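This report refers to the structure that appears directly beneath it.
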Amino acid sequence: MNKEMFITAAGGIGGALSYLLGGFDTALQTLLIFMAADYLTGIVVAGVFHKSGKTASGCLESRAGFKGICRKGLMLLVVMVAVRLDMLMGTAFLRDAAMVAFICNEALSIIENGGLMGIPIPEKITDAIEILGKKGDGDE
């Protein structure tokens, strides 16, 4: 496969995924960054600190990592479903609510991983995540 064909294929796949996920906006970028950060911090917790709650030994295990990737894929699938439902109803609420909920979930997991590594987490950050979580649930 030559360079042009690869770039064309990558662009087509990226464009299709962006369309299915409702556009490559700040919310999607944030979710993808948080997903990657959560996955990487989880690997560090298990691989370096041996404190993972996902395995009996607390160490790195390929099955636990694969389950994590599957969960993140399912999150993106839920966002795709929310996008289609929003398109059907002519709204933008469901995608935004799903994205905020998943972003908060990923942020909490990153903070939890940081705590397992012994990093002190500022209370203001945990408070901000709780507020975002309430907005994602529809509470003001």
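We name chains A, B, ... following the order of the structure tokens; residues begin at 1 in each chain, and ligands are numbered from 1 as shown.
All residues of protein, DNA or RNA that reach within 12 Å of segment 60-70 of chain A, judged by only C-alpha atoms and not counting those fewer than 4 positions away in the chain, are A:Met35, A:Ala36, A:Asp38, A:Tyr39, A:Leu40, A:Thr41, A:Gly42, A:Ile43, A:Val44, A:Val45, A:Ala46, A:Gly47, A:Val48, A:Phe49, A:His50, A:Lys51, A:Ser52, A:Gly53, A:Lys54, A:Thr55, A:Ala56, A:Leu74, A:Met75, A:Leu76, A:Leu77, A:Glu106, A:Ser109.
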Residues from last step as file, C-alpha atoms, as a tab-separated table (two decimals), in the first residue's frame:
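Generated file (part23.tsv):
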```tsv
chain	number	residue	atom	x	y	z
A	35	MET	CA	-9.97	7.80	27.92
A	36	ALA	CA	-6.31	7.58	26.89
A	38	ASP	CA	-7.29	6.72	32.20
A	39	TYR	CA	-6.00	3.72	30.28
A	40	LEU	CA	-2.36	4.81	30.62
A	41	THR	CA	-2.66	5.62	34.33
A	42	GLY	CA	-4.33	2.25	34.84
A	43	ILE	CA	-1.37	0.56	33.17
A	44	VAL	CA	1.03	2.48	35.43
A	45	VAL	CA	-0.96	1.59	38.57
A	46	ALA	CA	-0.89	-2.11	37.65
A	47	GLY	CA	2.51	-2.34	35.98
A	48	VAL	CA	4.61	-0.12	38.22
A	49	PHE	CA	2.77	0.19	41.55
A	50	HIS	CA	1.05	-3.25	41.53
A	51	LYS	CA	-2.07	-1.73	43.14
A	52	SER	CA	-4.73	-2.46	40.54
A	53	GLY	CA	-8.13	-3.47	41.86
A	54	LYS	CA	-8.87	-5.17	38.53
A	55	THR	CA	-6.70	-8.23	39.21
A	56	ALA	CA	-6.20	-10.49	42.23
A	74	LEU	CA	-18.79	0.60	24.36
A	75	MET	CA	-18.75	4.18	25.70
A	76	LEU	CA	-18.10	5.42	22.16
A	77	LEU	CA	-20.90	3.18	20.89
A	106	GLU	CA	-13.04	8.97	33.18
A	109	SER	CA	-10.98	7.07	37.35
```
Inset, instruction - Write out as a PyMOL selection string which residues come within 12 Å of Cys104 of chain A when counting only C-alpha atoms, dropping same-chain ones fewer than 5 positions away. - result: chain A and resi 27+30-31+34-35+38+97-99+109-111+125-137
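In terms of minimum interatomic distance to Asn105 of chain A, A:Arg71 ranks closest within A:Gly22, A:Gly15, A:Arg71, A:Gly58, counting only C-alpha atoms.
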As a check of understanding: the span from atom CA of Lys124 of chain A to atom CA of Asp96 of chain A is 23.4 Å
| task | Within segment 31-79 of chain A, find each residue whose DSSP state, derived from the backbone, is alpha helix (DSSP H), and express the selection as a PyMOL selection string. | result | chain A and resi 31-44+62-79
Polymer residues at most 8 Å from segment 81-89 of chain A, only C-alpha atoms, same-chain spacing of 3 or more positions, as number ranges by chain | A: 20-22, 77-78, 92-95, 98
Could you save the residues just selected, with all heavy atoms, as a PDB file, in the first residue's frame?
```pdb
ATOM      1  N   LEU A  20     -20.033   9.836  12.853  1.00  0.00           N
ATOM      2  CA  LEU A  20     -20.832   8.946  13.701  1.00  0.00           C
ATOM      3  C   LEU A  20     -20.850   9.394  15.160  1.00  0.00           C
ATOM      4  O   LEU A  20     -21.817   9.148  15.883  1.00  0.00           O
ATOM      5  CB  LEU A  20     -20.308   7.511  13.609  1.00  0.00           C
ATOM      6  CG  LEU A  20     -20.542   6.814  12.277  1.00  0.00           C
ATOM      7  CD1 LEU A  20     -19.792   5.489  12.242  1.00  0.00           C
ATOM      8  CD2 LEU A  20     -22.029   6.607  12.024  1.00  0.00           C
ATOM      9  N   LEU A  21     -19.771  10.062  15.604  1.00  0.00           N
ATOM     10  CA  LEU A  21     -19.686  10.515  16.983  1.00  0.00           C
ATOM     11  C   LEU A  21     -20.177  11.958  17.150  1.00  0.00           C
ATOM     12  O   LEU A  21     -20.023  12.547  18.213  1.00  0.00           O
ATOM     13  CB  LEU A  21     -18.251  10.383  17.494  1.00  0.00           C
ATOM     14  CG  LEU A  21     -17.775   8.940  17.669  1.00  0.00           C
ATOM     15  CD1 LEU A  21     -16.265   8.894  17.869  1.00  0.00           C
ATOM     16  CD2 LEU A  21     -18.499   8.262  18.819  1.00  0.00           C
ATOM     17  N   GLY A  22     -20.770  12.528  16.117  1.00  0.00           N
ATOM     18  CA  GLY A  22     -21.366  13.864  16.230  1.00  0.00           C
ATOM     19  C   GLY A  22     -20.414  15.015  16.005  1.00  0.00           C
ATOM     20  O   GLY A  22     -20.709  16.146  16.365  1.00  0.00           O
ATOM     21  N   LEU A  77     -19.692   3.693  21.536  1.00  0.00           N
ATOM     22  CA  LEU A  77     -20.904   3.182  20.895  1.00  0.00           C
ATOM     23  C   LEU A  77     -22.148   3.850  21.476  1.00  0.00           C
ATOM     24  O   LEU A  77     -23.070   4.209  20.740  1.00  0.00           O
ATOM     25  CB  LEU A  77     -20.984   1.659  21.050  1.00  0.00           C
ATOM     26  CG  LEU A  77     -22.166   0.979  20.366  1.00  0.00           C
ATOM     27  CD1 LEU A  77     -22.087   1.161  18.858  1.00  0.00           C
ATOM     28  CD2 LEU A  77     -22.195  -0.499  20.719  1.00  0.00           C
ATOM     29  N   VAL A  78     -22.174   4.057  22.780  1.00  0.00           N
ATOM     30  CA  VAL A  78     -23.301   4.750  23.420  1.00  0.00           C
ATOM     31  C   VAL A  78     -23.384   6.188  22.904  1.00  0.00           C
ATOM     32  O   VAL A  78     -24.483   6.699  22.647  1.00  0.00           O
ATOM     33  CB  VAL A  78     -23.184   4.711  24.960  1.00  0.00           C
ATOM     34  CG1 VAL A  78     -24.179   5.647  25.617  1.00  0.00           C
ATOM     35  CG2 VAL A  78     -23.365   3.293  25.475  1.00  0.00           C
ATOM     36  N   ALA A  92     -29.786  18.198  20.592  1.00  0.00           N
ATOM     37  CA  ALA A  92     -28.373  17.914  20.809  1.00  0.00           C
ATOM     38  C   ALA A  92     -28.135  17.555  22.272  1.00  0.00           C
ATOM     39  O   ALA A  92     -27.012  17.580  22.749  1.00  0.00           O
ATOM     40  CB  ALA A  92     -27.527  19.119  20.426  1.00  0.00           C
ATOM     41  N   PHE A  93     -29.177  17.214  22.978  1.00  0.00           N
ATOM     42  CA  PHE A  93     -29.088  16.986  24.417  1.00  0.00           C
ATOM     43  C   PHE A  93     -28.467  15.639  24.783  1.00  0.00           C
ATOM     44  O   PHE A  93     -27.612  15.555  25.666  1.00  0.00           O
ATOM     45  CB  PHE A  93     -30.472  17.105  25.048  1.00  0.00           C
ATOM     46  CG  PHE A  93     -30.511  16.688  26.483  1.00  0.00           C
ATOM     47  CD1 PHE A  93     -29.987  17.523  27.455  1.00  0.00           C
ATOM     48  CD2 PHE A  93     -31.038  15.470  26.866  1.00  0.00           C
ATOM     49  CE1 PHE A  93     -29.989  17.143  28.781  1.00  0.00           C
ATOM     50  CE2 PHE A  93     -31.051  15.081  28.190  1.00  0.00           C
ATOM     51  CZ  PHE A  93     -30.521  15.914  29.151  1.00  0.00           C
ATOM     52  N   LEU A  94     -28.900  14.572  24.151  1.00  0.00           N
ATOM     53  CA  LEU A  94     -28.477  13.233  24.566  1.00  0.00           C
ATOM     54  C   LEU A  94     -26.978  13.022  24.385  1.00  0.00           C
ATOM     55  O   LEU A  94     -26.319  12.450  25.256  1.00  0.00           O
ATOM     56  CB  LEU A  94     -29.264  12.166  23.812  1.00  0.00           C
ATOM     57  CG  LEU A  94     -30.758  12.119  24.129  1.00  0.00           C
ATOM     58  CD1 LEU A  94     -31.462  11.119  23.228  1.00  0.00           C
ATOM     59  CD2 LEU A  94     -30.990  11.796  25.588  1.00  0.00           C
ATOM     60  N   ARG A  95     -26.433  13.464  23.268  1.00  0.00           N
ATOM     61  CA  ARG A  95     -24.989  13.319  23.035  1.00  0.00           C
ATOM     62  C   ARG A  95     -24.212  14.082  24.092  1.00  0.00           C
ATOM     63  O   ARG A  95     -23.273  13.554  24.683  1.00  0.00           O
ATOM     64  CB  ARG A  95     -24.612  13.835  21.657  1.00  0.00           C
ATOM     65  CG  ARG A  95     -23.103  13.792  21.420  1.00  0.00           C
ATOM     66  CD  ARG A  95     -22.737  14.515  20.123  1.00  0.00           C
ATOM     67  NE  ARG A  95     -21.339  14.389  19.811  1.00  0.00           N
ATOM     68  CZ  ARG A  95     -20.431  15.309  20.106  1.00  0.00           C
ATOM     69  NH1 ARG A  95     -20.774  16.421  20.728  1.00  0.00           N
ATOM     70  NH2 ARG A  95     -19.173  15.133  19.777  1.00  0.00           N
ATOM     71  N   ALA A  98     -24.443  12.305  27.470  1.00  0.00           N
ATOM     72  CA  ALA A  98     -23.614  11.105  27.480  1.00  0.00           C
ATOM     73  C   ALA A  98     -22.135  11.476  27.575  1.00  0.00           C
ATOM     74  O   ALA A  98     -21.382  10.866  28.344  1.00  0.00           O
ATOM     75  CB  ALA A  98     -23.878  10.266  26.228  1.00  0.00           C
TER      76      ALA A  98
END
```
Between atom CA of Ile103 of chain A and atom CA of Thr91 of chain A lies a distance of 20.3 Å
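Coordinates place atom CA of Pro122 of chain A at a distance of 23.2 Å from atom CA of Leu32 of chain A.
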